[in-house]
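This is coords-v3.tsv. It holds TSV, C-alpha atoms and all ligand atoms.
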chain	number	residue	atom	x	y	z
A	1	MET	CA	0.00	0.00	0.00
A	2	GLY	CA	1.21	3.52	-0.79
A	3	ILE	CA	2.07	6.29	1.64
A	4	ALA	CA	-1.07	8.26	2.59
A	5	THR	CA	-0.74	11.81	1.33
A	6	GLY	CA	-4.28	13.00	0.56
A	7	MET	CA	-3.02	14.49	-2.67
A	8	LYS	CA	-5.04	14.54	-5.88
A	9	MET	CA	-3.93	15.01	-9.46
A	10	TYR	CA	-6.01	16.04	-12.43
A	11	ASN	CA	-4.87	13.53	-14.99
A	12	SER	CA	-5.32	12.22	-18.51
A	13	GLN	CA	-4.19	8.75	-19.53
A	14	LEU	CA	-3.36	10.12	-23.00
A	15	SER	CA	-1.22	13.02	-21.78
A	16	PRO	CA	2.57	12.47	-21.88
A	17	TYR	CA	2.91	15.29	-19.32
A	18	ALA	CA	0.53	13.58	-16.91
A	19	THR	CA	2.21	10.25	-17.60
A	20	ARG	CA	5.64	11.46	-16.45
A	21	CYS	CA	4.00	12.60	-13.18
A	22	ARG	CA	2.19	9.27	-12.75
A	23	MET	CA	5.54	7.50	-13.24
A	24	ALA	CA	7.14	9.62	-10.48
A	25	ILE	CA	4.14	9.05	-8.20
A	26	TYR	CA	4.26	5.27	-8.74
A	27	ALA	CA	8.06	5.21	-8.29
A	28	LYS	CA	7.68	6.94	-4.92
A	29	ASP	CA	4.67	4.77	-4.04
A	30	LEU	CA	2.59	7.82	-3.19
A	31	ASP	CA	-1.13	7.52	-2.57
A	32	VAL	CA	-2.41	10.14	-5.01
A	33	GLU	CA	-6.02	10.12	-6.18
A	34	PHE	CA	-6.21	10.59	-9.94
A	35	LEU	CA	-9.09	12.68	-11.29
A	36	GLU	CA	-9.55	11.85	-14.94
A	37	MET	CA	-10.09	14.71	-17.40
A	38	PRO	CA	-12.30	15.40	-19.21
A	39	ASP	CA	-15.01	14.49	-16.72
A	40	PRO	CA	-18.09	16.74	-17.02
A	41	ASP	CA	-18.66	16.47	-13.25
A	42	LEU	CA	-15.19	17.89	-12.58
A	43	GLU	CA	-15.19	20.51	-15.33
A	44	GLN	CA	-16.19	23.58	-13.28
A	45	GLU	CA	-13.84	22.84	-10.40
A	46	PHE	CA	-11.03	22.05	-12.83
A	47	HIS	CA	-11.49	25.38	-14.60
A	48	ARG	CA	-11.18	27.20	-11.26
A	49	ILE	CA	-8.01	25.29	-10.39
A	50	ALA	CA	-6.45	25.34	-13.86
A	51	PRO	CA	-7.49	28.44	-15.85
A	52	MET	CA	-5.20	27.35	-18.70
A	53	HIS	CA	-7.18	24.10	-18.73
A	54	LYS	CA	-4.13	21.85	-18.92
A	55	VAL	CA	-3.30	18.62	-17.12
A	56	PRO	CA	-1.55	17.58	-15.00
A	57	VAL	CA	-2.35	19.67	-11.93
A	58	LEU	CA	-1.45	18.41	-8.46
A	59	ILE	CA	-3.57	19.44	-5.46
A	60	ASP	CA	-2.14	19.13	-1.98
A	61	GLY	CA	-4.62	20.73	0.40
A	62	ASP	CA	-4.66	24.45	-0.40
A	63	VAL	CA	-1.59	24.15	-2.60
A	64	ILE	CA	-2.15	23.85	-6.35
A	65	VAL	CA	0.83	22.81	-8.46
A	66	PRO	CA	0.57	23.02	-12.26
A	67	GLU	CA	3.28	22.00	-14.79
A	68	SER	CA	4.55	18.42	-14.97
A	69	GLU	CA	8.19	19.33	-14.38
A	70	THR	CA	7.31	21.20	-11.18
A	71	ILE	CA	5.07	18.37	-9.98
A	72	CYS	CA	7.84	15.83	-10.58
A	73	GLU	CA	10.33	17.95	-8.63
B	1	LIG	N1	3.75	22.50	-19.88
B	1	LIG	C1	2.64	21.68	-19.44
B	1	LIG	C2	1.93	21.11	-20.64
B	1	LIG	C3	0.64	20.40	-20.25
B	1	LIG	C4	-0.23	20.12	-21.47
B	1	LIG	O1	-0.02	20.67	-22.55
B	1	LIG	N2	-1.19	19.23	-21.28
B	1	LIG	C5	-2.12	18.91	-22.35
B	1	LIG	C6	-2.31	17.41	-22.45
B	1	LIG	S1	-0.88	16.58	-23.08
B	1	LIG	C7	-3.47	19.52	-22.06
B	1	LIG	O2	-3.90	19.54	-20.93
B	1	LIG	N3	-4.15	20.00	-23.10
B	1	LIG	C8	-5.49	20.49	-22.93
B	1	LIG	C9	-5.67	21.81	-23.59
B	1	LIG	O3	-4.69	22.40	-24.07
B	1	LIG	O4	-6.82	22.28	-23.59
B	1	LIG	C10	3.16	20.60	-18.50
B	1	LIG	O5	4.33	20.22	-18.64
B	1	LIG	O6	2.41	20.14	-17.61

Please rewrite the model in this file as structure tokens.
Ligand SMILES: N[C@@H](CCC(=O)N[C@@H](CS)C(=O)NCC(=O)O)C(=O)O
Amino acid sequence: MGIATGMKMYNSQLSPYATRCRMAIYAKDLDVEFLEMPDPDLEQEFHRIAPMHKVPVLIDGDVIVPESETICE
């Protein structure tokens, strides 16, 4: 079982940017909930969190981290 972190990541299986983040998350065995985009139920909240409308975006409590390279770091 992964380490409990409570983090979430807006994700797309087809995105190479999201994929590099998923690889880092799996390598570190982190317990991150993946929110698949596009999901109509998540659309409004996603737009608030990511005005540029790009995945991935990591959410750690009040902290929102866009950009795959930054998330991986
Ligand atoms: N520089 C960004 C690029 C992210 C990006 O371009 N993601 C694409 C998917 S591969 C996306 O969300 N496209 C949706 C759009 O442009 O509306 C990163 O490294 O995270």

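Distance-wise, atom CA of A:His53 and atom C9 of ligand LIG 1 (chain B) end up 5.6 Å apart.
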
Atom CA of A:Val55 and atom CA of A:Val32 are how many Å apart?
14.8 Å

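For the set A:Asn11, A:Glu69, A:Ala24, A:Asp29, the residue with the smallest atom-to-atom gap to A:Val57 is A:Asn11, counting all atoms listed in the file.
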
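If you measure from each of A:Leu14, A:Met7, A:Ile64, A:Ile59 to ligand LIG 1 (chain B) using all atoms listed in the file, the closest one turns out to be A:Leu14.
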
Judged by only C-alpha atoms and all ligand atoms, the minimum distance to ligand LIG 1 (chain B) among A:Leu35, A:Ala27, A:Leu42, A:Ala18 is found for A:Ala18

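Within 8 Å of A:Phe34, once all atoms listed in the file are used and residues closer than 5 positions along the same chain are dropped, the contacting residues are Lys8, Met9, Tyr10 and Asn11 of chain A.
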
Please identify the residues whose atoms come within 12 Å of ligand LIG 1 (chain B), using all atoms listed in the file, and report them as a PDB file with C-alpha atoms, in the frame of the given file.
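Heads up, here's the output in pocket_33.pdb:
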ATOM      1  CA  MET A   9      -3.930  15.010  -9.460  1.00  0.00           C
ATOM      2  CA  TYR A  10      -6.010  16.040 -12.430  1.00  0.00           C
ATOM      3  CA  ASN A  11      -4.870  13.530 -14.990  1.00  0.00           C
ATOM      4  CA  SER A  12      -5.320  12.220 -18.510  1.00  0.00           C
ATOM      5  CA  GLN A  13      -4.190   8.750 -19.530  1.00  0.00           C
ATOM      6  CA  LEU A  14      -3.360  10.120 -23.000  1.00  0.00           C
ATOM      7  CA  SER A  15      -1.220  13.020 -21.780  1.00  0.00           C
ATOM      8  CA  PRO A  16       2.570  12.470 -21.880  1.00  0.00           C
ATOM      9  CA  TYR A  17       2.910  15.290 -19.320  1.00  0.00           C
ATOM     10  CA  ALA A  18       0.530  13.580 -16.910  1.00  0.00           C
ATOM     11  CA  THR A  19       2.210  10.250 -17.600  1.00  0.00           C
ATOM     12  CA  ARG A  20       5.640  11.460 -16.450  1.00  0.00           C
ATOM     13  CA  CYS A  21       4.000  12.600 -13.180  1.00  0.00           C
ATOM     14  CA  ARG A  22       2.190   9.270 -12.750  1.00  0.00           C
ATOM     15  CA  GLU A  36      -9.550  11.850 -14.940  1.00  0.00           C
ATOM     16  CA  MET A  37     -10.090  14.710 -17.400  1.00  0.00           C
ATOM     17  CA  PRO A  38     -12.300  15.400 -19.210  1.00  0.00           C
ATOM     18  CA  GLU A  43     -15.190  20.510 -15.330  1.00  0.00           C
ATOM     19  CA  PHE A  46     -11.030  22.050 -12.830  1.00  0.00           C
ATOM     20  CA  HIS A  47     -11.490  25.380 -14.600  1.00  0.00           C
ATOM     21  CA  ALA A  50      -6.450  25.340 -13.860  1.00  0.00           C
ATOM     22  CA  PRO A  51      -7.490  28.440 -15.850  1.00  0.00           C
ATOM     23  CA  MET A  52      -5.200  27.350 -18.700  1.00  0.00           C
ATOM     24  CA  HIS A  53      -7.180  24.100 -18.730  1.00  0.00           C
ATOM     25  CA  LYS A  54      -4.130  21.850 -18.920  1.00  0.00           C
ATOM     26  CA  VAL A  55      -3.300  18.620 -17.120  1.00  0.00           C
ATOM     27  CA  PRO A  56      -1.550  17.580 -15.000  1.00  0.00           C
ATOM     28  CA  VAL A  57      -2.350  19.670 -11.930  1.00  0.00           C
ATOM     29  CA  LEU A  58      -1.450  18.410  -8.460  1.00  0.00           C
ATOM     30  CA  VAL A  65       0.830  22.810  -8.460  1.00  0.00           C
ATOM     31  CA  PRO A  66       0.570  23.020 -12.260  1.00  0.00           C
ATOM     32  CA  GLU A  67       3.280  22.000 -14.790  1.00  0.00           C
ATOM     33  CA  SER A  68       4.550  18.420 -14.970  1.00  0.00           C
ATOM     34  CA  GLU A  69       8.190  19.330 -14.380  1.00  0.00           C
ATOM     35  CA  THR A  70       7.310  21.200 -11.180  1.00  0.00           C
ATOM     36  CA  ILE A  71       5.070  18.370  -9.980  1.00  0.00           C
ATOM     37  CA  CYS A  72       7.840  15.830 -10.580  1.00  0.00           C
ATOM     38  CA  GLU A  73      10.330  17.950  -8.630  1.00  0.00           C
TER      39      GLU A  73
END

Give the padded box for stretch 23-39 of chain A as JSON: axis-aligned, covering all atoms listed in the file, 8 Å on each side, centre and edge lengths in Å to one decimal.
{"center_x": -3.5, "center_y": 10.1, "center_z": -10.9, "size_x": 39.1, "size_y": 26.6, "size_z": 32.6}
